[in-house]
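J.: One structure, pasted below without further comment.
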Amino acid sequence: MTLKPHEQDLLNRVETGIGVGGTWATSSSGATFTVEDPATGLVIKTIADATVDDAIRALDSAVAAQQEWAETPSRLRSDILRRAFDLLMDRKEEFALLIALEMGKPIAEARGEVVYGGEFLRWYSEEAVRVSGDYRRNPEGSGNITVSHLPVGPCYFITPWNFPLAMATRKIAPALAAGCTTIIKPAELTPLTTIYLVQLLEEAGLPPGVVNVVPTSNPSAQSSALLSDPRLRKLSFTGSTAVGVKLLEAAAQNVLRTSMELGGNAPFLVFEDADIDRAVDGVMLAKFRNIGQACTAANRILVHDSVADEFVRRVSERVAALKIGRGADEGYDIGALVDKKAIAKTEGLVADAVDTGAEIVTGGQAIVGPGNFFQPTVIDKIGPEARMVNEEIFGPVLAITRFSSEDEAVHIANNTEYGLVSYVYTENVGRSQRMIEKLQTGMMGLNTGLVSNAAAPFGGIKHSGIGREGGFEGIREFLSTKYTLTPR
Ligand code: ADP
């Protein structure tokens with residue numbers, strides 16, 4: 001098995017080093033690590049493995065660039081972001097291929113990620129020039145109050161492997177718009193897209209030191225060193241709740257601003273008055289986008305008894321027809337899971353569901369290698385004791401629970417420590433309103449299976465996180481409020 005010539009050409013254009021202060025370097029220890037295509041197990045690139053010293057050098061560089069970047073006119077910062085958006089759209093195919101190669105998602109979805117990820121560059125190029133403040137008289141009449149919003153300072157970003165481009169732009173774009181400098185640590189499974197994005201940002205005119213990238217195979221050593229450095233002012237993390245909690249503990253010692261996008265356990269409710277055609281389309285998207293590897297993935301499909309048989313039959317037909325294959329090749333719906341651990345976890349969850357009385361309707365097995373493929377699967381009649389109703393599945397397994405009343409559906413939906421997103425299918429206006437109020441999640445898709453949008457505030461409540469990314473809200477995460485009193 002070898003790479004195709006155009007794949008190899010693209011990989012040759014990706015820097016192999018650590019990007020600090022506008023130059024690309026090897027690791028201070030000389031160490032490297034490898035990146036694989038999850039569909040074949042083939043090593044596609046070897047890159048520098050940043051040490052703690054390299055990370056501190058990146059912070060030195062971000063700190064050195066901070067003041068000048070904050071003072072750069074917002075129109076210039078905006079223009080750089082806009083140029084980066086234009087360049088990314090010109091290179092949509094390259095970025096899509098790189099994402100598919102290192103992460104495994106189908107190329108058509110990777111193109112969707114480039115568009116989605118690019119929108120953060122465009123949106124925040126527009127927001128960069130709109131940071132405002134306010135001015136008021138104090139009630140005593142003796143002074144004027146001026147409120148301004150200033151950049152927080154150097155930020156550290158830790159991103160996951162499931163959306164290697166969009167999770168990077170969703171953090172980098174608002175930070176740059178606000179006037180913050182950054183250090184980014186991409187996931188060790190998928191560092192190439194981030195490295196290539198930083199190359200693109202440099203080409204768009206970003207000054208040296210404003211975005212630094214430090215891929216490492218030892219994230220905990222790097223994060224401990226950076227989070228305890230008093231020069232760092234902000235952490236933004238997307239990943240699992242378990243790692244997020246550890247990072248929050250470390251960030252607390254240094255009283256850092258934090259934005260945390262953590263795990264989810266999304267309920268997908270199909271009521272008896274739902275438009276079933278739309279609900280079937282919606283669940284296919286909400287479950288199988290990214291091969292089920294999304295914090296927004298529908299994890300628990302709750303279907304009213306009266307429509308459940310029809311829903312299960314129609315969804316299962318669609319699932320059985322999905323085409324499985326290497327993401328970087330055209331024409332597949334389901335790519336490889338990111339690694340062998342993901343296969344073992346999915347197998348374990350399916351076995352546990354069957355042990356607790358659930359029924360496999362279609363799929364249910366890992367596919368013999370090469371590559372980390374798992375059959376897209378539908379499981380019906382999942383009970384409350386099954387592990388997969390309490391944990392993120394993060395695989396192509398659609399798990400259905402039946403309910404008989406609205407109160408029961410709401411109770412099941414909220415019976416989780418997570419609160420990222422919920423999906424609701426109903427044609428009843430009153431019920432829609434009740435669901436907005438009753439479902440404990442930061443986001444809701446009402447008759448849609450996809451909520452992500454650069455113009456909207458993405459984020460969760462409960463153990464799903466703190467803060468919002470995207471929308472008007474996203475830039476505020478990178479600004480601190482300063483109040484000034486002037487006597488009259
Ligand atoms: P997932 O389960 O989706 O891989 P993780 O939370 O493990 O999610 O990973 C998300 C990001 O967090 C990745 O960039 C990973 O390298 C990083 N990470 C994992 N463990 C730690 C840690 N102890 N400290 C800092 N970053 C970590």
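Lettering and numbering for the structure tokens are positional, with chains as A, B, ... in the shown order, residues counted from 1 in each chain, and ligands counted from 1 in the shown order.
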When you look at Val129 in chain A with a cut-off of 9 Å (counting only C-alpha atoms), what residues show up, excluding the ones that are within fewer than 4 positions of it in the same chain? I need them as a ChimeraX atom specification.
T.: /A:73-75,77-78,124-125,177
J.: Only N, CA and C atoms, please: the residues just picked out, written as a short mmCIF file (atom, residue, chain, number, x, y, z; two decimals), in the first residue's frame.
T.:
data_model
loop_
_atom_site.label_atom_id
_atom_site.label_comp_id
_atom_site.auth_asym_id
_atom_site.auth_seq_id
_atom_site.Cartn_x
_atom_site.Cartn_y
_atom_site.Cartn_z
N PRO A 73 -3.71 48.04 14.12
CA PRO A 73 -5.10 48.46 13.86
C PRO A 73 -5.99 47.26 13.54
N SER A 74 -7.18 47.29 14.07
CA SER A 74 -8.06 46.13 13.87
C SER A 74 -8.37 45.91 12.39
N ARG A 75 -8.33 46.99 11.60
CA ARG A 75 -8.56 46.82 10.16
C ARG A 75 -7.48 45.94 9.54
N ARG A 77 -5.70 43.61 11.17
CA ARG A 77 -5.92 42.24 11.67
C ARG A 77 -7.07 41.60 10.87
N SER A 78 -8.09 42.40 10.64
CA SER A 78 -9.24 41.92 9.87
C SER A 78 -8.81 41.51 8.45
N TYR A 124 -14.76 36.28 11.88
CA TYR A 124 -13.96 37.11 12.80
C TYR A 124 -13.16 38.18 12.09
N SER A 125 -12.98 38.05 10.77
CA SER A 125 -12.42 39.19 10.04
C SER A 125 -13.45 40.32 10.08
N ALA A 177 -8.57 38.24 16.05
CA ALA A 177 -9.45 39.41 15.89
C ALA A 177 -9.40 40.29 17.14
#
J.: For the interface of chain A with ligand 1 (cut-off 9 Å, counting only C-alpha atoms and all ligand atoms), please tabulate each contacting residue of chain A alongside its nearest pair of atoms and their separation in Å to one decimal, rows sorted by chain and increasing number, as CSV.
T.:
residue,atom,partner,partner_atom_place_in_ligand_line,distance
A:Phe157,CA,ligand 1,14 (O),8.7
A:Ile158,CA,ligand 1,14 (O),5.1
A:Thr159,CA,ligand 1,14 (O),4.6
A:Pro160,CA,ligand 1,10 (C),4.2
A:Trp161,CA,ligand 1,3 (O),6.6
A:Asn162,CA,ligand 1,3 (O),7.1
A:Lys185,CA,ligand 1,14 (O),6.3
A:Pro186,CA,ligand 1,14 (O),5.1
A:Ala187,CA,ligand 1,14 (O),3.4
A:Glu188,CA,ligand 1,16 (O),5.5
A:Leu189,CA,ligand 1,16 (O),8.0
A:Thr190,CA,ligand 1,14 (O),8.8
A:Pro191,CA,ligand 1,14 (O),9.0
A:Pro215,CA,ligand 1,16 (O),8.7
A:Thr216,CA,ligand 1,16 (O),7.7
A:Ser217,CA,ligand 1,16 (O),7.3
A:Asn218,CA,ligand 1,16 (O),7.5
A:Pro219,CA,ligand 1,26 (N),4.5
A:Ser220,CA,ligand 1,24 (N),3.6
A:Ala221,CA,ligand 1,24 (N),7.1
A:Gln222,CA,ligand 1,25 (C),7.1
A:Ser223,CA,ligand 1,25 (C),5.0
A:Ser224,CA,ligand 1,24 (N),7.2
A:Phe237,CA,ligand 1,12 (O),7.3
A:Thr238,CA,ligand 1,10 (C),6.2
A:Gly239,CA,ligand 1,6 (O),3.8
A:Ser240,CA,ligand 1,6 (O),3.7
A:Thr241,CA,ligand 1,6 (O),6.8
A:Ala242,CA,ligand 1,6 (O),6.8
A:Val243,CA,ligand 1,6 (O),4.9
A:Gly244,CA,ligand 1,6 (O),6.7
A:Lys246,CA,ligand 1,23 (N),7.0
A:Leu247,CA,ligand 1,24 (N),6.5
A:Leu262,CA,ligand 1,6 (O),8.0
A:Gly263,CA,ligand 1,3 (O),8.4
A:Gln293,CA,ligand 1,3 (O),8.3
A:Ala294,CA,ligand 1,3 (O),8.6
A:Cys295,CA,ligand 1,3 (O),8.6
A:Phe394,CA,ligand 1,3 (O),8.6
J.: Could you pull the residues within 10 Å of Lys171 in chain A, counting only C-alpha atoms, minus those fewer than 6 positions along the same chain, as a ChimeraX atom specification?
T.: /A:120-121,155-159,182,184,236-238,259,469-470,474-475,477-478
J.: Using the selection just defined, write its residues with all heavy atoms as a compact mmCIF listing (two decimals), in the first residue's frame.
T.:
# COMPACT_ATOMS: atom_id res chain seq x y z
N PHE A 120 -15.03 30.69 10.19
CA PHE A 120 -14.57 31.39 11.40
C PHE A 120 -13.57 32.49 11.03
O PHE A 120 -13.56 33.56 11.65
CB PHE A 120 -13.95 30.41 12.40
CG PHE A 120 -14.97 29.51 13.02
CD1 PHE A 120 -15.18 28.23 12.53
CD2 PHE A 120 -15.77 29.95 14.06
CE1 PHE A 120 -16.15 27.41 13.07
CE2 PHE A 120 -16.75 29.14 14.61
CZ PHE A 120 -16.94 27.86 14.11
N LEU A 121 -12.75 32.22 10.00
CA LEU A 121 -11.81 33.25 9.56
C LEU A 121 -12.59 34.44 9.00
O LEU A 121 -12.29 35.60 9.29
CB LEU A 121 -10.86 32.68 8.50
CG LEU A 121 -9.96 31.53 8.97
CD1 LEU A 121 -9.27 30.87 7.78
CD2 LEU A 121 -8.92 32.03 9.97
N CYS A 155 -2.47 33.27 24.58
CA CYS A 155 -3.43 32.16 24.78
C CYS A 155 -2.79 30.83 24.38
O CYS A 155 -2.01 30.78 23.42
CB CYS A 155 -4.64 32.33 23.88
SG CYS A 155 -5.48 33.90 24.06
N TYR A 156 -3.20 29.78 25.06
CA TYR A 156 -2.75 28.42 24.73
C TYR A 156 -3.97 27.62 24.29
O TYR A 156 -4.98 27.58 25.00
CB TYR A 156 -2.14 27.81 26.00
CG TYR A 156 -1.64 26.39 25.89
CD1 TYR A 156 -0.97 25.92 24.75
CD2 TYR A 156 -1.79 25.51 26.96
CE1 TYR A 156 -0.48 24.62 24.69
CE2 TYR A 156 -1.29 24.21 26.93
CZ TYR A 156 -0.64 23.78 25.78
OH TYR A 156 -0.17 22.50 25.73
N PHE A 157 -3.87 27.00 23.13
CA PHE A 157 -4.97 26.24 22.56
C PHE A 157 -4.61 24.77 22.47
O PHE A 157 -3.55 24.41 21.93
CB PHE A 157 -5.29 26.71 21.13
CG PHE A 157 -5.75 28.14 21.06
CD1 PHE A 157 -5.57 28.87 19.90
CD2 PHE A 157 -6.37 28.75 22.14
CE1 PHE A 157 -6.00 30.19 19.81
CE2 PHE A 157 -6.80 30.07 22.06
CZ PHE A 157 -6.61 30.79 20.89
N ILE A 158 -5.49 23.93 22.95
CA ILE A 158 -5.33 22.48 22.80
C ILE A 158 -6.52 21.99 22.00
O ILE A 158 -7.68 22.19 22.41
CB ILE A 158 -5.26 21.78 24.18
CG1 ILE A 158 -4.10 22.33 25.00
CG2 ILE A 158 -5.15 20.27 24.00
CD1 ILE A 158 -3.99 21.76 26.41
N THR A 159 -6.26 21.38 20.86
CA THR A 159 -7.35 21.01 19.95
C THR A 159 -7.42 19.49 19.77
O THR A 159 -6.42 18.79 19.95
CB THR A 159 -7.18 21.70 18.58
OG1 THR A 159 -5.87 21.44 18.09
CG2 THR A 159 -7.41 23.19 18.69
N THR A 182 -0.96 33.61 20.21
CA THR A 182 -1.39 32.25 20.54
C THR A 182 -0.28 31.20 20.38
O THR A 182 0.66 31.39 19.59
CB THR A 182 -2.55 31.82 19.61
OG1 THR A 182 -2.04 31.73 18.30
CG2 THR A 182 -3.69 32.81 19.62
N ILE A 184 -0.52 27.00 19.74
CA ILE A 184 -1.49 25.93 19.53
C ILE A 184 -0.80 24.58 19.56
O ILE A 184 0.26 24.39 18.97
CB ILE A 184 -2.31 26.15 18.23
CG1 ILE A 184 -3.35 25.05 18.05
CG2 ILE A 184 -1.45 26.29 16.99
CD1 ILE A 184 -4.49 25.41 17.12
N SER A 236 -7.73 27.71 26.03
CA SER A 236 -8.96 27.27 25.36
C SER A 236 -8.73 25.83 24.93
O SER A 236 -7.75 25.52 24.23
CB SER A 236 -9.26 28.16 24.16
OG SER A 236 -10.42 27.67 23.50
N PHE A 237 -9.62 24.96 25.36
CA PHE A 237 -9.44 23.51 25.15
C PHE A 237 -10.69 22.92 24.53
O PHE A 237 -11.81 23.26 24.91
CB PHE A 237 -9.19 22.85 26.52
CG PHE A 237 -9.23 21.34 26.50
CD1 PHE A 237 -8.20 20.61 25.93
CD2 PHE A 237 -10.30 20.64 27.06
CE1 PHE A 237 -8.22 19.22 25.92
CE2 PHE A 237 -10.33 19.24 27.05
CZ PHE A 237 -9.30 18.54 26.48
N THR A 238 -10.50 22.03 23.58
CA THR A 238 -11.60 21.19 23.10
C THR A 238 -11.14 19.75 23.19
O THR A 238 -10.09 19.38 22.65
CB THR A 238 -11.98 21.53 21.65
OG1 THR A 238 -12.41 22.89 21.59
CG2 THR A 238 -13.12 20.63 21.17
N SER A 259 -11.75 28.63 28.31
CA SER A 259 -12.91 28.24 27.49
C SER A 259 -12.77 26.74 27.30
O SER A 259 -11.73 26.28 26.83
CB SER A 259 -12.89 28.91 26.12
OG SER A 259 -12.88 30.31 26.25
N GLU A 469 -17.96 29.41 21.60
CA GLU A 469 -17.10 29.66 20.45
C GLU A 469 -17.98 29.99 19.25
O GLU A 469 -18.99 29.32 19.03
CB GLU A 469 -16.24 28.43 20.14
CG GLU A 469 -15.21 28.18 21.22
CD GLU A 469 -14.19 27.12 20.85
OE1 GLU A 469 -14.58 26.06 20.32
OE2 GLU A 469 -13.00 27.33 21.12
N GLY A 470 -17.56 30.99 18.48
CA GLY A 470 -18.38 31.41 17.34
C GLY A 470 -19.31 32.53 17.75
O GLY A 470 -19.46 32.87 18.94
N GLY A 474 -18.10 34.64 20.76
CA GLY A 474 -16.79 34.00 20.68
C GLY A 474 -15.63 34.95 20.90
O GLY A 474 -14.63 34.60 21.54
N ILE A 475 -15.75 36.17 20.43
CA ILE A 475 -14.62 37.11 20.56
C ILE A 475 -14.49 37.61 22.01
O ILE A 475 -13.40 37.91 22.49
CB ILE A 475 -14.74 38.28 19.55
CG1 ILE A 475 -13.40 39.01 19.41
CG2 ILE A 475 -15.86 39.24 19.91
CD1 ILE A 475 -13.35 39.97 18.22
N GLU A 477 -14.58 35.94 24.60
CA GLU A 477 -13.75 35.03 25.39
C GLU A 477 -12.29 35.48 25.38
O GLU A 477 -11.48 35.00 26.17
CB GLU A 477 -13.81 33.61 24.79
CG GLU A 477 -15.22 33.06 24.66
CD GLU A 477 -15.71 32.34 25.90
OE1 GLU A 477 -14.91 31.63 26.53
OE2 GLU A 477 -16.91 32.49 26.23
N PHE A 478 -11.95 36.35 24.43
CA PHE A 478 -10.56 36.80 24.29
C PHE A 478 -10.38 38.27 24.66
O PHE A 478 -9.36 38.87 24.36
CB PHE A 478 -10.08 36.54 22.85
CG PHE A 478 -10.07 35.07 22.54
CD1 PHE A 478 -11.14 34.47 21.88
CD2 PHE A 478 -9.03 34.27 22.98
CE1 PHE A 478 -11.16 33.11 21.64
CE2 PHE A 478 -9.03 32.91 22.74
CZ PHE A 478 -10.10 32.33 22.07
J.: Could you give me the residues within range 278-425 of chain A that DSSP places in alpha helix (DSSP H), as JSON, numbers by chain?
T.: {"A": [278, 279, 280, 281, 282, 283, 284, 285, 286, 287, 288, 305, 306, 307, 308, 309, 310, 311, 312, 313, 314, 315, 316, 317, 318, 319, 320, 340, 341, 342, 343, 344, 345, 346, 347, 348, 349, 350, 351, 352, 353, 354, 355, 406, 407, 408, 409, 410, 411, 412, 413, 414]}
J.: Hey, which of A:Arg488, A:Arg130, A:His304, A:Lys438 ends up closest to Arg476 in chain A? Count only C-alpha atoms.
T.: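 Under the stated criterion, the closest residue is A:Arg130.
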J.: What residues in range 102-215 of chain A get the DSSP label strand (DSSP E or B)? Please answer as a VMD selection string.
T.: chain A and resid 134 to 137 143 to 151 155 to 158 182 to 185 211 to 213
J.: Hey, what's within 12 Å of Glu417 in chain A if we count only C-alpha atoms and toss same-chain stuff fewer than 3 positions away? As a list in words, please?
T.: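 Contacts, in chain order: Thr241, Leu262, Gly263, Gly264, Asn265, Ala266, Val389, Asn390, Glu391, Glu392, Ile412, Ala413, Asn414, Leu420, Gln440, Thr441, Gly460, Ile461, Lys462, His463, Ser464 and Gly465 of chain A.
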J.: So that I can check the surroundings of Leu59 in chain A, please list as an NGL selection string every protein, DNA and RNA residue that reaches within 12 Å of it, counting only C-alpha atoms and ignoring chain neighbours fewer than 3 positions away.
T.: :A and (19-21 or 52-56 or 62-66 or 153-157 or 181-185 or 209-214 or 222-223 or 225-234)
J.: So, with only C-alpha atoms as the atoms that count, which of A:Ser132, A:Ser405, A:Ser148, A:Thr362 lies closest to Arg314 in chain A?
T.: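 Among A:Ser132, A:Ser405, A:Ser148, A:Thr362, it is A:Thr362 that comes nearest to Arg314 in chain A.
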